[in-house]
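**Q** Data file model_32.cif (mmCIF, C-alpha atoms) is appended below.
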```
data_data
loop_
_atom_site.label_atom_id
_atom_site.label_comp_id
_atom_site.auth_asym_id
_atom_site.auth_seq_id
_atom_site.Cartn_x
_atom_site.Cartn_y
_atom_site.Cartn_z
CA MET A 15 110.63 56.16 92.25
CA LYS A 16 111.64 56.82 95.83
CA ASN A 17 109.12 57.74 98.50
CA ARG A 18 109.76 61.37 99.47
CA PHE A 19 106.95 61.52 102.02
CA PRO A 20 109.21 60.89 105.09
CA LEU A 21 111.59 63.66 103.95
CA ALA A 22 108.71 66.12 103.49
CA VAL A 23 107.31 65.27 106.92
CA ALA A 24 110.74 65.75 108.53
CA LEU A 25 111.19 69.14 106.84
CA LEU A 26 107.71 70.29 107.85
CA ALA A 27 108.30 69.19 111.45
CA GLY A 28 111.58 71.15 111.49
CA VAL A 29 109.91 74.30 110.17
CA LEU A 30 107.11 74.02 112.73
CA ALA A 31 109.60 73.45 115.57
CA VAL A 32 111.55 76.59 114.64
CA ALA A 33 108.34 78.61 114.25
CA GLY A 34 107.25 77.52 117.73
CA CYS A 35 110.38 78.95 119.37
CA SER A 36 110.12 82.46 120.69
CA SER A 37 112.28 84.71 122.81
CA ASN A 38 109.21 86.88 123.49
CA THR A 39 108.33 86.38 127.15
CA GLN A 40 105.15 88.48 126.86
CA GLY A 41 103.30 86.14 124.52
CA ASP A 42 103.55 85.00 120.96
CA ASP A 43 101.36 87.70 119.46
CA ALA A 44 102.77 90.01 116.83
CA SER A 45 102.21 93.19 118.79
CA PRO A 46 105.35 95.23 119.49
CA VAL A 47 103.98 96.34 122.91
CA TYR A 48 102.14 94.89 125.90
CA LEU A 49 100.39 96.51 128.86
CA SER A 50 101.22 96.12 132.54
CA VAL A 51 98.60 97.01 135.13
CA SER A 52 98.98 98.60 138.55
CA TYR A 53 96.19 99.12 141.11
CA THR A 54 96.70 101.51 144.03
CA LEU A 55 94.54 102.20 147.06
CA LEU A 56 92.05 99.44 146.35
CA PRO A 57 89.08 99.06 148.68
CA GLU A 58 89.28 96.30 151.26
CA SER A 59 85.56 95.65 150.85
CA TRP A 60 82.56 96.89 148.88
CA ASN A 61 79.08 97.47 150.30
CA VAL A 62 76.49 95.88 147.98
CA GLY A 63 73.87 98.06 149.69
CA SER A 64 75.56 101.31 148.65
CA GLY A 65 73.80 101.47 145.28
CA LEU A 66 77.11 102.56 143.71
CA PRO A 67 79.03 100.81 140.93
CA LEU A 68 82.41 99.37 141.91
CA GLN A 69 84.98 101.98 140.85
CA PHE A 70 88.63 102.57 141.72
CA ASP A 71 90.29 105.95 142.12
CA THR A 72 93.39 104.94 140.18
CA VAL A 73 94.36 102.19 137.76
CA GLU A 74 97.64 102.71 135.96
CA LEU A 75 98.30 101.16 132.54
CA LYS A 76 101.88 101.13 131.29
CA SER A 77 102.85 100.44 127.69
CA ASN A 78 105.97 98.26 127.54
CA LEU A 79 107.97 97.95 124.33
CA LYS A 80 108.87 94.31 123.59
CA ASN A 81 112.01 95.56 121.84
CA PRO A 82 113.15 98.64 123.80
CA THR A 83 116.15 99.15 121.52
CA GLY A 84 113.95 99.15 118.41
CA GLY A 85 112.87 102.75 118.91
CA SER A 86 109.46 104.18 119.53
CA SER A 87 106.94 106.12 117.50
CA SER A 88 103.39 107.34 117.85
CA PHE A 89 102.32 104.33 115.75
CA LEU A 90 103.13 102.23 118.82
CA ASP A 91 100.78 104.24 121.06
CA THR A 92 97.89 102.06 122.26
CA ARG A 93 94.21 102.95 122.09
CA LEU A 94 92.42 101.03 124.87
CA ASP A 95 89.22 99.63 123.33
CA ASP A 96 87.74 97.88 126.36
CA TYR A 97 88.45 95.78 129.43
CA VAL A 98 86.82 92.58 130.65
CA VAL A 99 86.33 91.89 134.37
CA GLU A 100 85.99 88.19 135.23
CA TRP A 101 85.21 87.13 138.82
CA LYS A 102 86.14 83.91 140.65
CA ARG A 103 85.15 82.92 144.19
CA ILE A 104 88.00 82.48 146.69
CA ASP A 105 85.87 81.66 149.75
CA GLY A 106 84.74 78.15 148.85
CA GLY A 107 81.63 79.22 146.95
CA THR A 108 81.16 78.37 143.29
CA LYS A 109 78.67 80.97 142.01
CA ALA A 110 80.55 84.15 141.03
CA PRO A 111 79.36 87.52 139.72
CA GLU A 112 78.92 87.67 135.96
CA THR A 113 81.74 88.75 133.65
CA GLU A 114 81.31 92.32 132.43
CA THR A 115 82.94 94.31 129.60
CA PHE A 116 83.51 98.06 129.86
CA PRO A 117 84.64 100.61 127.23
CA GLY A 118 88.20 101.91 127.49
CA ASN A 119 88.72 104.97 125.29
CA VAL A 120 92.12 106.11 126.54
CA LEU A 121 95.43 106.52 124.71
CA ILE A 122 98.55 105.00 126.28
CA PRO A 123 101.78 106.40 124.81
CA ALA A 124 104.40 103.88 123.67
CA GLY A 125 106.72 103.26 126.61
CA GLY A 126 104.56 105.57 128.76
CA THR A 127 101.73 105.42 131.26
CA SER A 128 98.07 106.44 131.41
CA THR A 129 95.90 106.63 134.51
CA LEU A 130 92.29 105.49 134.58
CA SER A 131 90.36 107.45 137.21
CA ASN A 132 87.04 106.13 138.54
CA TYR A 133 86.63 103.52 135.81
CA PRO A 134 83.94 100.95 136.75
CA HIS A 135 84.77 97.32 137.49
CA MET A 136 81.20 96.23 138.33
CA THR A 137 77.88 97.86 137.48
CA ARG A 138 75.15 98.66 140.01
CA THR A 139 72.97 96.08 138.29
CA ALA A 140 75.57 93.33 138.85
CA LEU A 141 75.62 94.15 142.58
CA LEU A 142 71.93 93.21 142.67
CA LYS A 143 72.35 89.89 140.83
CA ALA A 144 73.35 86.44 142.08
CA PRO A 145 75.29 85.68 144.13
CA LEU A 146 75.71 89.18 145.62
CA ASP A 147 71.94 89.66 145.92
CA GLN A 148 71.95 87.05 148.72
CA LEU A 149 73.76 89.55 150.95
CA GLN A 150 70.81 91.96 150.82
CA PRO A 151 68.60 91.86 153.98
CA TYR A 152 65.48 91.01 151.98
CA ASN A 153 67.25 87.80 150.82
CA GLY A 154 68.45 86.80 154.28
CA GLY A 155 71.85 88.52 154.23
CA ILE A 156 73.73 85.20 154.05
CA ASP A 157 75.49 83.52 151.13
CA ARG A 158 73.71 80.19 150.68
CA GLU A 159 76.84 78.37 149.53
CA THR A 160 79.15 79.30 152.41
CA GLY A 161 76.79 80.46 155.15
CA ASN A 162 78.80 83.69 155.50
CA SER A 163 77.57 87.27 155.50
CA GLU A 164 80.25 88.21 152.96
CA ILE A 165 81.45 86.94 149.60
CA ARG A 166 85.15 86.99 148.75
CA CYS A 167 86.17 87.11 145.09
CA ARG A 168 89.20 87.62 142.89
CA ALA A 169 88.89 89.57 139.67
CA THR A 170 91.01 89.10 136.58
CA VAL A 171 90.83 92.15 134.34
CA THR A 172 91.94 91.89 130.71
CA TYR A 173 92.64 95.24 129.05
CA ARG A 174 92.36 95.09 125.25
CA GLY A 175 93.36 97.61 122.65
CA ARG A 176 95.29 98.27 119.47
CA THR A 177 98.38 100.20 118.55
CA LEU A 178 97.73 103.10 116.19
CA SER A 179 99.30 100.90 113.50
CA GLY A 180 96.56 98.29 114.14
CA GLN A 181 98.36 95.60 116.18
CA PRO A 182 96.31 94.04 119.03
CA VAL A 183 97.59 94.80 122.55
CA ARG A 184 96.67 93.20 125.89
CA GLY A 185 97.40 93.52 129.55
CA VAL A 186 96.07 91.59 132.54
CA GLY A 187 95.62 92.75 136.13
CA SER A 188 94.15 91.04 139.17
CA PHE A 189 92.81 92.02 142.60
CA GLY A 190 90.84 90.54 145.48
CA LEU A 191 87.72 92.04 147.06
CA THR A 192 85.21 91.21 149.79
CA PHE A 193 81.55 92.04 149.14
CA LEU A 194 79.28 92.64 152.13
CA TYR A 195 76.10 94.45 153.09
CA SER A 196 76.00 97.38 155.49
CA ALA A 197 73.05 99.65 156.24
CA ALA A 198 75.55 102.45 156.89
CA THR A 199 77.04 104.45 154.06
CA GLN A 200 79.74 102.83 151.99
CA THR A 201 82.95 102.33 153.94
CA ILE A 202 86.18 101.73 152.12
CA VAL A 203 89.46 100.78 153.72
CA ALA A 204 92.26 101.75 151.37
CA ARG A 205 95.00 99.22 150.67
CA VAL A 206 97.50 98.39 147.97
CA ASP A 207 96.94 94.96 146.44
#
```
Would you encode the structure as structure tokens?
**A**
Amino acid sequence: MKNRFPLAVALLAGVLAVAGCSSNTQGDDASPVYLSVSYTLLPESWNVGSGLPLQFDTVELKSNLKNPTGGSSSFLDTRLDDYVVEWKRIDGGTKAPETETFPGNVLIPAGGTSTLSNYPHMTRTALLKAPLDQLQPYNGGIDRETGNSEIRCRATVTYRGRTLSGQPVRGVGSFGLTFLYSAATQTIVARVD
């Protein structure tokens, strides 16, 4: 009896190699759509002493069909479930604000766009937690890691939802922001990131 194990291994390796190939440049998930994110008029800085959550006037989510010639239907519309904001320091510090998850509850038409107005990207509570709490005057007003009176961060925001047919959909956006303390009212310098 001949040993057929090498032949079976070769066939399995061939099947796995073909399965690993993909012409989908937006990920290997099965979803027929993906989201692209656009931020406009972002603040240059945010005053941690304002007592206000971090919100943006406009975030635009666009639904992109992975196969534009395959047609579109309302089953490809995306219901945004939530979005996760993850912070990283870009000023040499290591301690970053905590990751937060916010509810979405917006419908993005297949191949269309929806605008999120005044959606939060950081809660008031998070502005009072480490490391941003160090910028408050009662804590010295200086970041202990860098010795600066401001903390610069970059946020990666992952928007998660499902098509009306049940397929998971994602989109990722990113922006930079400087946190500082000012006794004056909140001042925002508009910019496009």
**Q** Can you tell me which residues surround region 50-59 of chain A at a distance of at most 10 Å, considering all atoms listed in the file, apart from same-chain residues fewer than 3 positions away, and format the answer as a short mmCIF file (atom, residue, chain, number, x, y, z; two decimals) with C-alpha atoms, in the frame of the given file?
**A**
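Generated file (part_11.cif):
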```cif
data_model
loop_
_atom_site.label_atom_id
_atom_site.label_comp_id
_atom_site.auth_asym_id
_atom_site.auth_seq_id
_atom_site.Cartn_x
_atom_site.Cartn_y
_atom_site.Cartn_z
CA VAL A 62 76.49 95.88 147.98
CA LEU A 68 82.41 99.37 141.91
CA GLN A 69 84.98 101.98 140.85
CA PHE A 70 88.63 102.57 141.72
CA ASP A 71 90.29 105.95 142.12
CA THR A 72 93.39 104.94 140.18
CA VAL A 73 94.36 102.19 137.76
CA GLU A 74 97.64 102.71 135.96
CA LEU A 75 98.30 101.16 132.54
CA LYS A 76 101.88 101.13 131.29
CA SER A 77 102.85 100.44 127.69
CA ASN A 78 105.97 98.26 127.54
CA THR A 127 101.73 105.42 131.26
CA THR A 129 95.90 106.63 134.51
CA LEU A 130 92.29 105.49 134.58
CA GLU A 164 80.25 88.21 152.96
CA ILE A 165 81.45 86.94 149.60
CA ARG A 166 85.15 86.99 148.75
CA VAL A 171 90.83 92.15 134.34
CA THR A 172 91.94 91.89 130.71
CA TYR A 173 92.64 95.24 129.05
CA ARG A 184 96.67 93.20 125.89
CA GLY A 185 97.40 93.52 129.55
CA VAL A 186 96.07 91.59 132.54
CA GLY A 187 95.62 92.75 136.13
CA SER A 188 94.15 91.04 139.17
CA PHE A 189 92.81 92.02 142.60
CA GLY A 190 90.84 90.54 145.48
CA LEU A 191 87.72 92.04 147.06
CA THR A 192 85.21 91.21 149.79
CA PHE A 193 81.55 92.04 149.14
CA LEU A 194 79.28 92.64 152.13
CA TYR A 195 76.10 94.45 153.09
CA GLN A 200 79.74 102.83 151.99
CA THR A 201 82.95 102.33 153.94
CA ILE A 202 86.18 101.73 152.12
CA VAL A 203 89.46 100.78 153.72
CA ALA A 204 92.26 101.75 151.37
CA ARG A 205 95.00 99.22 150.67
CA VAL A 206 97.50 98.39 147.97
CA ASP A 207 96.94 94.96 146.44
#
```
**Q** Suppose you want the space between CA of Asp147 (chain A) and CA of His135 (chain A); what is it in Å?
**A** 17.2 Å
**Q** When the PyMOL selection byres ((chain A and resi 48) around 12) is applied to the file above, which residues end up in the set, as a VMD selection string?
**A** chain A and resid 38 to 47 49 to 51 75 to 82 90 to 94 122 to 127 172 to 177 181 to 186
**Q** Select, from A:Val99, A:Ala110, A:Val120, A:Ala140, the residue with the minimum atom-to-atom distance to Thr170 (chain A), counting all atoms listed in the file.
**A**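 Closest residue, counting all atoms listed in the file: A:Val99.
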**Q** Name the closest residue to Gly65 (chain A) among the candidates A:Glu159, A:Ala198, A:Pro111, A:Ala169; distances are taken between atoms, counting all atoms listed in the file.
**A**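 The closest residue to Gly65 (chain A) is A:Ala198.
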**Q** Quick check, in Å to one decimal: how far apart do CA of Leu146 (chain A) and CA of Glu114 (chain A) lie?
**A**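 So the two atoms, CA of Leu146 (chain A) and CA of Glu114 (chain A), lie 14.7 Å apart.
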**Q** Which distance in Å separates CA of Ser128 (chain A) and CA of Leu141 (chain A), to one decimal?
**A** 27.9 Å
**Q** Give me the residues within 8 Å of Ile104 (chain A) as a PyMOL selection string, counting only C-alpha atoms and dropping any in the same chain fewer than 2 places off.
**A** chain A and resi 102+106-107+166-168
